[in-house]
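K.L.:
My structure is in upload.txt, and what it holds is compact mmCIF, C-alpha atoms and all ligand atoms:
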```txt
# COMPACT_ATOMS: atom_id res chain seq x y z
CA THR A 15 -12.57 7.40 -25.36
CA THR A 16 -12.64 6.15 -21.77
CA GLU A 17 -9.17 7.51 -21.20
CA ASP A 18 -10.47 11.02 -21.89
CA ARG A 19 -12.42 10.79 -18.65
CA LEU A 20 -9.31 10.05 -16.61
CA ARG A 21 -7.76 12.88 -14.59
CA PRO A 22 -4.52 13.90 -16.24
CA PHE A 23 -1.56 12.49 -14.35
CA ASN A 24 2.01 11.40 -14.70
CA ARG A 25 2.20 7.61 -15.00
CA SER A 26 5.68 7.50 -13.58
CA ARG A 27 4.87 9.24 -10.29
CA VAL A 28 3.28 8.51 -6.92
CA TYR A 29 0.43 10.72 -5.66
CA MET A 30 -0.44 11.59 -2.06
CA SER A 31 -4.09 11.66 -3.12
CA ASP A 32 -3.91 7.90 -3.83
CA LEU A 33 -2.33 7.26 -0.43
CA GLU A 34 -4.95 9.30 1.44
CA SER A 35 -7.72 7.67 -0.60
CA THR A 36 -6.32 4.27 0.37
CA LEU A 37 -6.34 5.21 4.06
CA HIS A 38 -9.92 6.47 3.79
CA TYR A 39 -11.07 3.31 2.03
CA SER A 40 -9.20 0.93 4.31
CA LEU A 41 -10.13 2.61 7.59
CA ARG A 42 -13.65 3.85 6.81
CA VAL A 43 -14.98 1.31 4.30
CA GLU A 44 -13.10 -1.99 4.53
CA LEU A 45 -12.83 -2.03 8.34
CA ALA A 46 -16.47 -0.96 8.71
CA ALA A 47 -17.41 -4.49 7.62
CA HIS A 48 -16.13 -5.60 11.07
CA PRO A 49 -18.57 -4.22 13.69
CA VAL A 50 -16.53 -5.79 16.49
CA ILE A 51 -12.76 -6.14 16.32
CA LYS A 52 -11.08 -8.50 18.79
CA GLY A 53 -8.37 -11.12 19.21
CA GLU A 54 -6.01 -11.47 16.26
CA ALA A 55 -7.91 -8.84 14.27
CA LEU A 56 -7.41 -6.32 17.07
CA SER A 57 -3.66 -6.87 17.28
CA THR A 58 -3.54 -6.66 13.48
CA LEU A 59 -5.32 -3.31 13.58
CA GLN A 60 -2.93 -2.05 16.29
CA ARG A 61 0.13 -3.06 14.25
CA TYR A 62 -1.28 -1.50 11.09
CA ILE A 63 -2.07 1.82 12.76
CA SER A 64 1.27 1.79 14.58
CA VAL A 65 3.18 1.38 11.30
CA LEU A 66 1.08 4.15 9.70
CA ALA A 67 1.68 6.48 12.66
CA LYS A 68 5.43 5.83 12.43
CA TYR A 69 6.06 5.87 8.71
CA PHE A 70 3.17 7.38 6.73
CA PRO A 71 4.79 10.39 5.01
CA GLY A 72 1.61 12.42 5.14
CA ARG A 73 0.53 15.99 5.51
CA PRO A 74 0.85 17.21 9.11
CA VAL A 75 -2.94 17.08 9.72
CA VAL A 76 -3.12 13.46 8.54
CA ASN A 77 -0.04 12.45 10.54
CA ASN A 78 -1.51 14.08 13.63
CA LEU A 79 -4.70 12.08 13.17
CA LEU A 80 -2.82 8.79 12.69
CA LYS A 81 -0.75 9.49 15.81
CA SER A 82 -3.84 10.29 17.85
CA VAL A 83 -5.60 7.08 16.73
CA ASP A 84 -2.42 5.12 17.50
CA MET A 85 -2.18 6.61 21.02
CA TRP A 86 -5.85 5.93 21.64
CA LEU A 87 -5.52 2.29 20.49
CA LYS A 88 -2.39 1.76 22.59
CA GLY A 89 -4.21 3.08 25.63
CA GLU A 90 -7.33 0.94 25.08
CA LYS A 91 -7.27 -1.89 27.59
CA ASP A 92 -10.50 -3.54 26.41
CA THR A 93 -10.08 -6.85 24.63
CA GLU A 94 -12.58 -5.84 22.00
CA LEU A 95 -13.30 -2.72 20.09
CA SER A 96 -16.44 -1.63 18.30
CA TYR A 97 -15.97 -0.24 14.82
CA THR A 98 -18.04 2.78 15.88
CA SER A 99 -15.45 3.76 18.49
CA LEU A 100 -12.69 3.45 15.90
CA ARG A 101 -14.76 5.54 13.52
CA ASP A 102 -15.12 8.24 16.19
CA ALA A 103 -11.35 8.28 16.62
CA LEU A 104 -10.85 8.53 12.84
CA ASP A 105 -13.37 11.32 12.56
CA ASN A 106 -11.64 13.05 15.46
CA THR A 107 -14.80 13.50 17.51
CA ALA A 108 -12.51 14.27 20.46
CA GLU A 109 -11.45 17.36 18.47
CA VAL A 110 -7.71 16.96 18.73
CA PRO A 111 -6.45 20.19 17.13
CA ASN A 112 -5.18 20.10 13.56
CA ALA A 113 -5.83 16.37 13.05
CA SER A 114 -8.03 14.88 10.35
CA LEU A 115 -8.22 12.28 7.63
CA PRO A 116 -10.04 13.61 4.54
CA GLU A 117 -13.29 11.83 3.67
CA GLY A 118 -13.72 10.16 0.31
CA VAL A 119 -11.48 9.01 -2.52
CA ARG A 120 -9.77 10.79 -5.39
CA TRP A 121 -7.78 8.20 -7.34
CA VAL A 122 -5.05 9.62 -9.55
CA ALA A 123 -2.28 7.20 -10.58
CA CYS A 124 -4.62 4.44 -9.30
CA GLN A 125 -7.56 5.50 -11.49
CA GLY A 126 -9.08 2.78 -13.60
CA SER A 127 -10.61 3.08 -17.04
CA LYS A 128 -13.74 1.43 -15.53
CA PRO A 129 -15.01 1.60 -11.93
CA HIS A 130 -14.16 -2.03 -11.22
CA PHE A 131 -10.53 -1.64 -12.23
CA ARG A 132 -7.54 -0.66 -10.01
CA ARG A 133 -8.33 1.90 -7.28
CA TYR A 134 -8.08 0.50 -3.76
CA PRO A 135 -5.95 -2.61 -4.46
CA CYS A 136 -3.57 -0.40 -6.46
CA GLY A 137 -3.53 2.04 -3.55
CA MET A 138 -2.77 -0.74 -1.07
CA TRP A 139 0.32 -1.87 -2.99
CA THR A 140 1.46 1.72 -3.38
CA LEU A 141 0.94 2.43 0.32
CA PHE A 142 3.05 -0.53 1.43
CA HIS A 143 5.84 0.16 -1.07
CA VAL A 144 5.98 3.68 0.34
CA LEU A 145 5.99 2.36 3.92
CA THR A 146 8.84 -0.11 3.31
CA VAL A 147 10.89 2.71 1.76
CA GLN A 148 10.03 5.08 4.62
CA ALA A 149 10.97 2.49 7.24
CA GLU A 150 14.35 2.08 5.57
CA GLU A 151 14.86 5.83 5.34
CA ALA A 152 13.90 6.23 9.01
CA ALA A 153 16.34 3.43 9.94
CA GLY A 154 13.53 1.47 11.62
CA LYS A 155 14.72 -1.23 14.02
CA ASP A 156 12.75 -4.24 12.81
CA PRO A 157 13.02 -5.26 9.12
CA GLN A 158 9.87 -7.39 9.52
CA GLU A 159 7.71 -4.64 11.02
CA VAL A 160 6.10 -3.19 7.86
CA LEU A 161 5.90 -6.48 5.95
CA GLN A 162 4.25 -8.31 8.84
CA ALA A 163 1.82 -5.43 9.36
CA MET A 164 0.83 -5.71 5.70
CA ARG A 165 0.63 -9.49 5.89
CA SER A 166 -1.70 -9.51 8.86
CA TYR A 167 -3.83 -6.63 7.53
CA ILE A 168 -4.35 -8.48 4.23
CA HIS A 169 -5.00 -11.73 6.10
CA SER A 170 -7.52 -10.26 8.54
CA PHE A 171 -9.25 -7.54 6.56
CA PHE A 172 -8.57 -7.37 2.79
CA ARG A 173 -11.93 -7.94 1.19
CA CYS A 174 -10.61 -9.90 -1.79
CA ARG A 175 -10.25 -13.25 -0.03
CA ALA A 176 -8.55 -15.01 -2.98
CA CYS A 177 -5.93 -12.22 -2.95
CA ALA A 178 -5.41 -12.71 0.77
CA THR A 179 -4.89 -16.46 0.36
CA HIS A 180 -2.37 -15.95 -2.45
CA PHE A 181 -0.50 -13.31 -0.50
CA GLU A 182 -0.44 -15.41 2.68
CA ASN A 183 1.03 -18.34 0.74
CA MET A 184 3.86 -16.16 -0.58
CA ALA A 185 4.43 -14.67 2.86
CA GLN A 186 4.63 -18.10 4.49
CA GLU A 187 7.25 -19.18 2.01
CA SER A 188 9.79 -16.42 2.42
CA MET A 189 8.76 -13.32 4.36
CA SER A 190 10.41 -14.44 7.60
CA HIS A 191 13.79 -14.67 5.83
CA VAL A 192 13.86 -10.91 5.28
CA GLY A 193 16.61 -9.64 7.57
CA THR A 194 17.28 -6.04 6.54
CA LEU A 195 15.18 -2.97 5.78
CA SER A 196 16.46 -2.86 2.21
CA SER A 197 15.59 -6.51 1.64
CA ALA A 198 12.08 -5.70 2.87
CA VAL A 199 11.82 -3.09 0.08
CA LEU A 200 13.04 -5.66 -2.45
CA TRP A 201 10.86 -8.47 -1.08
CA LEU A 202 7.71 -6.46 -1.65
CA TRP A 203 8.85 -5.34 -5.10
CA SER A 204 9.65 -8.89 -6.24
CA HIS A 205 6.48 -10.45 -4.79
CA HIS A 206 4.36 -7.73 -6.34
CA ASN A 207 5.95 -8.72 -9.65
CA HIS A 208 5.01 -12.37 -8.99
CA VAL A 209 1.42 -11.22 -8.62
CA ASN A 210 1.65 -9.10 -11.79
CA ASN A 211 2.94 -12.12 -13.64
CA ARG A 212 0.11 -14.31 -12.39
CA LEU A 213 -2.52 -11.69 -13.26
CA ALA A 214 -1.22 -10.59 -16.67
CA GLY A 215 -4.03 -11.09 -19.18
CA ALA A 216 -6.63 -11.87 -16.48
CA LEU A 217 -10.11 -10.35 -16.55
CA SER A 218 -9.19 -8.08 -13.65
CA GLU A 219 -6.51 -6.38 -15.76
CA ASP A 220 -7.34 -2.85 -16.86
CA PRO A 221 -6.56 -2.77 -20.61
CA HIS A 222 -5.22 0.75 -20.16
CA PHE A 223 -2.79 -0.46 -17.47
CA PRO A 224 -1.43 -3.83 -18.53
CA LYS A 225 0.40 -5.91 -15.92
CA ILE A 226 4.12 -5.81 -16.56
CA GLN A 227 7.29 -6.79 -14.78
CA TRP A 228 7.81 -3.43 -13.18
CA PRO A 229 9.65 -1.03 -13.53
CA SER A 230 9.67 -1.00 -17.32
CA PRO A 231 12.95 -0.36 -19.13
CA GLU A 232 11.57 3.11 -19.97
CA LEU A 233 11.03 3.90 -16.29
CA CYS A 234 14.36 2.51 -15.09
CA PRO A 235 16.79 1.58 -17.87
CA SER A 236 19.64 0.73 -15.49
CA CYS A 237 17.44 -1.71 -13.50
CA HIS A 238 17.49 -4.11 -16.46
CA GLY A 239 20.36 -6.21 -17.69
CA VAL A 240 21.07 -9.27 -19.80
CA LYS A 241 23.23 -12.21 -18.76
CA ASN A 242 23.79 -15.22 -21.01
CA GLY A 243 20.93 -14.05 -23.19
CA GLU A 244 18.53 -13.91 -20.18
CA HIS A 245 16.91 -10.87 -18.61
CA THR A 246 18.35 -9.95 -15.21
CA TRP A 247 17.46 -7.35 -12.63
CA ASN A 248 20.22 -5.15 -11.31
CA GLN A 249 19.34 -5.17 -7.59
CA ALA A 250 21.57 -2.27 -6.59
CA GLU A 251 20.10 -0.04 -9.30
CA LEU A 252 16.61 -1.24 -8.42
CA LEU A 253 17.02 -0.32 -4.79
CA THR A 254 18.21 3.16 -5.76
CA PHE A 255 15.23 3.48 -8.09
CA LEU A 256 12.65 2.23 -5.53
CA ARG A 257 14.05 4.52 -2.79
CA SER A 258 13.63 7.49 -5.06
CA HIS A 259 10.33 6.52 -6.73
CA PHE A 260 8.54 5.92 -3.41
CA SER A 261 10.36 8.59 -1.39
CA SER A 262 8.40 11.23 0.49
CA GLU A 263 10.12 14.08 -1.40
CA HIS A 264 8.85 12.77 -4.71
CA LEU A 265 5.19 12.37 -3.75
CA LEU A 266 2.98 14.67 -5.82
CA SER A 267 0.26 16.60 -4.04
CA ASP A 268 -2.00 17.36 -7.03
CA TYR A 269 -5.74 16.78 -6.50
CA LEU A 270 -5.54 16.94 -2.71
CA GLU A 271 -8.49 18.74 -1.13
P1 LIG A 301 -1.06 -2.84 -9.21
O1 LIG A 301 -0.50 -4.21 -9.34
O2 LIG A 301 -2.11 -2.63 -8.20
O3 LIG A 301 0.15 -1.86 -8.90
C1 LIG A 301 -0.06 -0.50 -8.54
C2 LIG A 301 1.08 0.34 -9.06
O4 LIG A 301 2.29 -0.05 -8.42
C3 LIG A 301 1.36 0.15 -10.55
O5 LIG A 301 0.57 1.01 -11.31
C4 LIG A 301 2.83 0.50 -10.65
O6 LIG A 301 3.01 1.90 -10.71
C5 LIG A 301 3.38 0.01 -9.34
N1 LIG A 301 3.96 -1.32 -9.41
C6 LIG A 301 3.63 -2.35 -10.23
N2 LIG A 301 4.40 -3.42 -9.96
C7 LIG A 301 5.22 -3.07 -8.97
C8 LIG A 301 6.26 -3.74 -8.26
N3 LIG A 301 6.61 -4.99 -8.56
N4 LIG A 301 6.90 -3.07 -7.28
C9 LIG A 301 6.58 -1.79 -6.99
N5 LIG A 301 5.62 -1.10 -7.63
C10 LIG A 301 4.95 -1.73 -8.60
N6 LIG A 301 -5.95 -9.41 -7.84
C11 LIG A 301 -6.37 -10.60 -8.33
O7 LIG A 301 -7.14 -10.62 -9.31
N7 LIG A 301 -5.93 -11.78 -7.79
C12 LIG A 301 -5.07 -11.81 -6.72
O8 LIG A 301 -4.69 -12.86 -6.23
C13 LIG A 301 -4.64 -10.57 -6.16
N8 LIG A 301 -3.83 -10.52 -5.06
C14 LIG A 301 -3.53 -9.33 -4.50
C15 LIG A 301 -2.79 -9.28 -3.31
C16 LIG A 301 -2.51 -8.08 -2.69
C17 LIG A 301 -1.71 -8.07 -1.41
C18 LIG A 301 -3.00 -6.88 -3.24
C19 LIG A 301 -2.73 -5.55 -2.55
C20 LIG A 301 -3.72 -6.89 -4.42
C21 LIG A 301 -4.00 -8.11 -5.06
N9 LIG A 301 -4.75 -8.16 -6.24
C22 LIG A 301 -5.11 -9.37 -6.77
C23 LIG A 301 -5.04 -6.92 -6.98
C24 LIG A 301 -3.98 -6.72 -8.08
O9 LIG A 301 -2.68 -7.06 -7.62
C25 LIG A 301 -3.92 -5.26 -8.53
O10 LIG A 301 -3.75 -4.42 -7.40
C26 LIG A 301 -5.14 -4.81 -9.29
O11 LIG A 301 -5.39 -5.71 -10.36
C27 LIG A 301 -4.94 -3.39 -9.88
O12 LIG A 301 -3.80 -3.43 -10.72
P2 LIG A 301 -3.01 -2.15 -11.17
O13 LIG A 301 -2.94 -2.10 -12.64
O14 LIG A 301 -3.59 -0.94 -10.54
O15 LIG A 301 -1.52 -2.36 -10.61
```
Take the structure in the file and write it out as structure tokens.
Ligand code: FAD
P.N.:
Amino acid sequence: TTEDRLRPFNRSRVYMSDLESTLHYSLRVELAAHPVIKGEALSTLQRYISVLAKYFPGRPVVNNLLKSVDMWLKGEKDTELSYTSLRDALDNTAEVPNASLPEGVRWVACQGSKPHFRRYPCGMWTLFHVLTVQAEEAAGKDPQEVLQAMRSYIHSFFRCRACATHFENMAQESMSHVGTLSSAVLWLWSHHNHVNNRLAGALSEDPHFPKIQWPSPELCPSCHGVKNGEHTWNQAELLTFLRSHFSSEHLLSDYLE
């Protein structure tokens, strides 16, 4: 069966390999479609890299690379940037010691049963859930910081334009009301579930990974409740679950190079 070709993995865990693959794809493939980055796209890139440099819970060599790219971008006074110069910074052509972002992708929990399923979009959601949880853990100062970085990245660069439009509509409706770091974690969780709901049964759904209202009762029994015969989410339990599920201590490092 197709599933036999999947790498063995634990469906209830988050893998660093997916996060690094997402960074590789975003920074070396998706952004490469923009030979010149300026104006709004440039400030979007700066915010994205800044959030990654602050909160990405990576291996030291990857964190060093993100910090060096962030410092380089912050020091750049030009109003436009060529993708080639960004690529040089990502490939560490300046040879900053012990700093690199691995080349290529190795999808694990974001594998699809066919090449057109899951992968990078799955990685993007996972990355931003991790970042909202990290920002809360690090007691970041601005509850909007990670969400707005995601919003503008998706708006400026995410290749699926229909996805970007949908996400921007949701963001316009309610993102600015988020006033605490824990509500940022919950905002992303609940809006991801809106998307799951909209996409359940769609052609883009991998039959091996059906879209559900996540987490399932198996994954987090205490997150679910019933009130007057209706399903309810227990927000306090959910927050505890999300903090643990996406925490840096629980990231698995299998399949890393
Ligand atoms: P994904 O939805 O990608 O989720 C990845 C993993 O996150 C899941 O396997 C699960 O472990 C976990 N997860 C699931 N739900 C939640 C949740 N609520 N909170 C926290 N973790 C969760 N595709 C379209 O066809 N149309 C669109 O309009 C569209 N819009 C998108 C907008 C954005 C911003 C992004 C990043 C992606 C969008 N996509 C869209 C892609 C789509 O949402 C899925 O990413 C893709 O179909 C792959 O699905 P998946 O099964 O890997 O699960």
K.L.:
Once you count all atoms listed in the file, which residues end up within 7 Å of ligand LIG 301 (chain A), and could you hand them over as a ChimeraX atom specification?
P.N.:
/A:26,123-124,131-133,135-140,143,168,176-178,180-181,202-207,209-210,213,218-220,223-225,227-229
K.L.:
Excluding A:His48 and any residue of its chain fewer than 3 positions from it, enumerate the residues within 7 Å of it, using all atoms listed in the file, and give them as a PDB file with C-alpha atoms, in the coordinates of the input.
P.N.:
```
ATOM      1  CA  LEU A  45     -12.830  -2.030   8.340  1.00  0.00           C
ATOM      2  CA  ILE A  51     -12.760  -6.140  16.320  1.00  0.00           C
ATOM      3  CA  TYR A  97     -15.970  -0.240  14.820  1.00  0.00           C
TER       4      TYR A  97
END
```
K.L.:
As a PyMOL selection string, please: the residues near stretch 69-79 of chain A (cut-off 10 Å, all atoms listed in the file, same-chain neighbours under 5 positions excluded).
P.N.:
chain A and resi 30+33-34+37+63-64+84-85+103-106+110-116+141-142+144-152+154+160+261-263+265+267
K.L.:
List the spatial neighbours of A:Phe23 as a PyMOL selection string - criterion: any atom at most 9 Å away, only C-alpha atoms, same-chain residues fewer than 4 positions off excluded.
P.N.:
chain A and resi 27+122-123+268
K.L.:
Report, in Å to a single decimal, how far apart atom CA of A:Lys68 and atom CA of A:Ala185 are.
P.N.:
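Taking atom CA of A:Ala185 as the start and atom CA of A:Lys68 as the end point, the length is 22.6 Å.
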K.L.:
List the residues sitting within 12 Å of (-19.0, 1.1, 17.9) in the file's frame, using all atoms listed in the file, as JSON, numbers by chain.
P.N.:
{"A": [45, 46, 47, 48, 49, 50, 51, 94, 95, 96, 97, 98, 99, 100, 101, 102, 103]}
K.L.:
Keeping only C-alpha atoms, write the selected residues to a file as a compact mmCIF listing (two decimals), in the coordinates of the input.
P.N.:
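Done, and the output landed in again-v8.txt:
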```
# COMPACT_ATOMS: atom_id res chain seq x y z
CA LEU A 45 -12.83 -2.03 8.34
CA ALA A 46 -16.47 -0.96 8.71
CA ALA A 47 -17.41 -4.49 7.62
CA HIS A 48 -16.13 -5.60 11.07
CA PRO A 49 -18.57 -4.22 13.69
CA VAL A 50 -16.53 -5.79 16.49
CA ILE A 51 -12.76 -6.14 16.32
CA GLU A 94 -12.58 -5.84 22.00
CA LEU A 95 -13.30 -2.72 20.09
CA SER A 96 -16.44 -1.63 18.30
CA TYR A 97 -15.97 -0.24 14.82
CA THR A 98 -18.04 2.78 15.88
CA SER A 99 -15.45 3.76 18.49
CA LEU A 100 -12.69 3.45 15.90
CA ARG A 101 -14.76 5.54 13.52
CA ASP A 102 -15.12 8.24 16.19
CA ALA A 103 -11.35 8.28 16.62
```
K.L.:
Which neighbours of A:Ser166 fall inside 9 Å, counting all atoms listed in the file, when residues of the same chain fewer than 4 positions from it are skipped, and could you give them as a PyMOL selection string?
P.N.:
chain A and resi 54-55+58-59+61-62+161-162+170-171+182
K.L.:
Separation of atom CA of A:Ala198 and atom CA of A:Cys234, in Å?
P.N.:
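Separation of atom CA of A:Ala198 and atom CA of A:Cys234: 19.9 Å.
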K.L.:
Expressed in Å to a single decimal, how great is the separation between atom CA of A:Ser127 and atom CA of A:Leu20?
P.N.:
7.1 Å
K.L.:
Measuring atom to atom with only C-alpha atoms, identify which of A:Phe260, A:Gly243, A:Tyr134, A:Leu266 is nearest to A:Glu44.
P.N.:
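Closest to A:Glu44 of all the choices is A:Tyr134.
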K.L.:
Compare A:Asp32, A:Val65, A:Val43, A:Asn24 by their minimum atom-to-atom distance to A:Met164, counting all atoms listed in the file, and give me the closest one.
P.N.:
A:Val65
K.L.:
For A:Leu253, which of A:Met189, A:His222, A:Asp92, A:Val199 is the closest residue, counting all atoms listed in the file?
P.N.:
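Using all atoms listed in the file, A:Leu253 sits closest to A:Val199.
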K.L.:
Around the point (-13.6, 9.0, 0.2), in the coordinates given by the file, pick out the residues reaching within 9 Å, counting all atoms listed in the file, and return them as a PyMOL selection string.
P.N.:
chain A and resi 34-36+38-39+42-43+116-120
K.L.:
Between A:His191, A:Arg212, A:Lys81, A:His259, which residue has the minimum interatomic distance to A:Gln60, considering all atoms listed in the file?
P.N.:
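Of A:His191, A:Arg212, A:Lys81, A:His259, the one nearest A:Gln60, counting all atoms listed in the file, is A:Lys81.
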K.L.:
Check the smallest atom-to-atom distance from each of A:Asn211, A:Cys174, A:Leu200, A:Leu252 to A:Pro231 using all atoms listed in the file, then report the winner.
P.N.:
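Of the candidates, the smallest distance to A:Pro231 is held by A:Leu252.
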K.L.:
Contacts of stretch 155-157 of chain A at 6 Å or less, counting all atoms listed in the file, minus same-chain residues fewer than 2 places along, as number ranges by chain?
P.N.:
A: 159, 193-195
K.L.:
May I have the centre and edge lengths, in Å to one decimal, of an axis-aligned box around the listed atoms of stretch 142-147 of chain A with 8 Å added to every side, as JSON?
P.N.:
```
{"center_x": 7.0, "center_y": 1.6, "center_z": 1.4, "size_x": 23.8, "size_y": 20.2, "size_z": 21.0}
```
